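J.: Have a look at the structure that comes next, please.
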Amino acid sequence: MKAFFGRITALALRLRYLTLLFVVVLMVLGIQAAVTQKQELLPPIEFPQTFILAQANGMTSEEVMEILTKRIEAELATIPEIINLQSTTSTVPGAFITAANDFGLNQEALRAKILAAIDRVWLPKRVLQAPAGENPRTFSAQLISELPAEVLIYIAQKDSNFLFQLSPDVWRALNEDAMRGALVYLANRVDQSTDAKNALELLVNKEIVPQIGGLETVGNVSVSGGQDLPEETNGIEAQATPAPVLQTQPESLLLRLSPKVWHVIAGKLGLGELNSETAASLARE
């Protein structure tokens with residue numbers, strides 16, 4: 001065998017140009033075969049594993065283990081094709097389970113069985129819904145009527161437009177203590193506008209935003225933009241005309257309530273017209 005390879009080596013060295021040509025031809029044929037190869041005829045390579053991620057929020061690791069991991073593993077263990085289960089449980093993201101099976105199985109069919117097993121897992125749901133036979137609107141109004149003023153004020157501190165986006169029906173459903181507490185909160189807050197502010201911006205924030213936010217189909221209203229862009233006319237850059245400036249005095253946020261909302265509030269609490277005197281009276285409470 002050693003003599004055979006020795007003769008091949010000697011022949012290749014003696015016919016070196018022919019050997020180089022032969023190598024180049026093999027390289028060209030190899031590249032052509034790689035380019036024209038029908039890869040769709042190759043069998044797909046699938047690893048015999050399936051990964052399941054069950055996300056959980058607001059639960060401890062022990063709660064995730066008891067509520068998610070153990071229940072999912074118990075259902076997956078009923079599938080005969082699964083030969084091993086490994087899981088990792090944490091607060092974030094939750095339960096991560098690896099289901100291993102033998103090679104050669106139909107992974108699509110196995111995934112369908114795994115999905116069916118997961119669907120059978122009973123998980124607690126946090127849903128607020130009306131009891132059987134009770135009107136959902138009546139149930140919602142009852143929940144709103146039980147809200148304390150502290151909850152409304154807390155949300156208003158997080159979202160300054162929250163109270164102005166409540167519809168008249170929501171204000172009507174509030175209890176008198178919660179309603180008065182929210183009004184006192186607004187009466188003691190003043191508009192943070194500066195003394196010199198764009199008149200259009202004041203109009204949008206005080207008049208348009210509360211009206212749009214009060215619509216049932218609108219969830220939130222935000223205002224942005226307002227940059228002055230230079231314009232060109234016949235190659236000459238035009239100077240932007242400054243917006244009119246409105247001198248204002250800080251006023252109570254209570255005055256930003258819409259007339260429809262105040263009509264409901266005034267009728268329920270026996271208040272008069274919405275003006276600075278009413279705001280000052282509520283601010284003293």
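As shown in the structure tokens, the chain order sets the letters A, B, ...; within each chain, residues go from 1, and ligands are also counted from 1 in the order they appear.
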Residues near A:Ile265, anyone? I mean within 10 Å using only C-alpha atoms, not counting same-chain ones fewer than 4 positions away, as an MDAnalysis selection string.
T.: chainID A and resid 168 171:172 174 176 179:180 183 259:261 269:272
J.: What does the distance from atom CA of A:Ala112 to atom CA of A:Ile45 come to in Å, to one decimal?
T.: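 Pair atom CA of A:Ala112 / atom CA of A:Ile45 returns 18.6 Å.
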J.: Just list as a list in words whatever in stretch 19-204 of chain A DSSP marks as strand (DSSP E or B).
T.: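 So the strand (DSSP E or B) residues in stretch 19-204 of chain A would be Gln49, Thr50, Phe51, Ile52, Leu53, Ala54, Gln55, Ile82, Ile83, Asn84, Leu85, Gln86, Ser87, Thr88, Thr89, Gly94, Ala95, Phe96, Ile97, Thr98, Ala99, Ala100, Asn101, Val190, Ala196, Lys197 and Asn198 of chain A.
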J.: Separation of atom CA of A:Ile212 and atom CA of A:Trp262, in Å?
T.: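 Between atom CA of A:Ile212 and atom CA of A:Trp262 the gap works out to 16.0 Å.
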J.: Between A:Thr36, A:Asn175, A:Thr60, A:Ser281, which residue has the minimum interatomic distance to A:Ala141, considering only C-alpha atoms?
T.: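 Nearest candidate to A:Ala141 out of A:Thr36, A:Asn175, A:Thr60, A:Ser281: A:Asn175.
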J.: Restricting the calculation to only C-alpha atoms: of A:Met27, A:Leu128, A:Ala173, A:Ala117, which residue gets closest to A:Ile144?
T.: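 Among the listed residues, A:Ala173 lies closest to A:Ile144.
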J.: May I ask which of the residues A:Trp122, A:Arg137, A:Ser258, A:Asp102 is the closest one to A:Gln165, counting only C-alpha atoms?
T.: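 Among A:Trp122, A:Arg137, A:Ser258, A:Asp102, it is A:Ser258 that comes nearest to A:Gln165.
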J.: If we count only C-alpha atoms, what is near stretch 70-78 of chain A at a cut-off of 7 Å, once residues fewer than 3 positions away on the same chain are taken out, given as an MDAnalysis selection string?
T.: chainID A and resid 65:67 114 117:118 121
J.: Output all heavy atoms for every residue in that selection, as a JSON list (two decimals), in the first residue's frame.
T.:
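Result went into again.json, see below:
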```json
[["chain", "number", "residue", "atom", "x", "y", "z"],
["A", 65, "MET", "N", -44.15, 27.88, 40.38],
["A", 65, "MET", "CA", -43.92, 26.43, 40.42],
["A", 65, "MET", "C", -45.23, 25.67, 40.63],
["A", 65, "MET", "O", -45.52, 24.69, 39.94],
["A", 65, "MET", "CB", -42.93, 26.11, 41.53],
["A", 65, "MET", "CG", -42.74, 24.62, 41.80],
["A", 65, "MET", "SD", -41.93, 23.75, 40.44],
["A", 65, "MET", "CE", -40.25, 24.35, 40.67],
["A", 66, "GLU", "N", -46.04, 26.13, 41.59],
["A", 66, "GLU", "CA", -47.27, 25.41, 41.93],
["A", 66, "GLU", "C", -48.35, 25.61, 40.87],
["A", 66, "GLU", "O", -49.07, 24.67, 40.52],
["A", 66, "GLU", "CB", -47.78, 25.87, 43.29],
["A", 66, "GLU", "CG", -46.87, 25.53, 44.46],
["A", 66, "GLU", "CD", -46.74, 24.03, 44.67],
["A", 66, "GLU", "OE1", -47.70, 23.31, 44.35],
["A", 66, "GLU", "OE2", -45.68, 23.59, 45.15],
["A", 67, "ILE", "N", -48.47, 26.84, 40.35],
["A", 67, "ILE", "CA", -49.59, 27.16, 39.46],
["A", 67, "ILE", "C", -49.30, 26.78, 38.01],
["A", 67, "ILE", "O", -50.18, 26.28, 37.30],
["A", 67, "ILE", "CB", -49.94, 28.66, 39.57],
["A", 67, "ILE", "CG1", -50.42, 28.98, 40.99],
["A", 67, "ILE", "CG2", -51.00, 29.05, 38.55],
["A", 67, "ILE", "CD1", -50.69, 30.44, 41.22],
["A", 114, "ILE", "N", -48.81, 18.23, 22.34],
["A", 114, "ILE", "CA", -48.36, 19.09, 23.44],
["A", 114, "ILE", "C", -49.29, 20.28, 23.61],
["A", 114, "ILE", "O", -49.66, 20.66, 24.73],
["A", 114, "ILE", "CB", -46.91, 19.55, 23.19],
["A", 114, "ILE", "CG1", -45.95, 18.35, 23.30],
["A", 114, "ILE", "CG2", -46.50, 20.64, 24.17],
["A", 114, "ILE", "CD1", -44.52, 18.68, 22.97],
["A", 117, "ALA", "N", -52.38, 19.17, 25.27],
["A", 117, "ALA", "CA", -52.16, 18.94, 26.69],
["A", 117, "ALA", "C", -52.12, 20.25, 27.47],
["A", 117, "ALA", "O", -52.67, 20.36, 28.57],
["A", 117, "ALA", "CB", -50.86, 18.15, 26.90],
["A", 118, "ILE", "N", -51.48, 21.27, 26.89],
["A", 118, "ILE", "CA", -51.42, 22.57, 27.56],
["A", 118, "ILE", "C", -52.81, 23.19, 27.66],
["A", 118, "ILE", "O", -53.15, 23.83, 28.66],
["A", 118, "ILE", "CB", -50.44, 23.50, 26.82],
["A", 118, "ILE", "CG1", -49.01, 22.95, 26.93],
["A", 118, "ILE", "CG2", -50.50, 24.91, 27.37],
["A", 118, "ILE", "CD1", -47.99, 23.74, 26.14],
["A", 121, "VAL", "N", -54.72, 22.21, 30.70],
["A", 121, "VAL", "CA", -54.26, 22.68, 32.01],
["A", 121, "VAL", "C", -55.20, 23.76, 32.52],
["A", 121, "VAL", "O", -55.48, 24.75, 31.83],
["A", 121, "VAL", "CB", -52.82, 23.23, 31.92],
["A", 121, "VAL", "CG1", -52.37, 23.78, 33.27],
["A", 121, "VAL", "CG2", -51.87, 22.14, 31.46]]
```
J.: Interatomic distance between atom CA of A:Thr50 and atom CA of A:Ile79?
T.: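 These two atoms are separated by 12.8 Å.
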J.: Just list as number ranges by chain whatever in stretch 21-224 of chain A DSSP marks as helix (DSSP H, G or I).
T.: A: 21-36, 39-41, 61-76, 107-119, 136-145, 149-158, 162-165, 168-173, 176-187, 199-213
J.: Taking into account only C-alpha atoms, which residue in the set A:Leu20, A:Val204, A:Ile155, A:Leu68 is nearest to A:Ile52?
T.: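 The answer is A:Leu68, which sits nearest to A:Ile52.
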J.: Considering only C-alpha atoms, return as a PyMOL selection string whatever protein or nucleic-acid residues lie within 12 Å of A:Phe162, sequence-local ones (same chain, fewer than 3 positions apart) excluded.
T.: chain A and resi 151-159+165-167+170+182+186+209-210+213-214+218-222+257
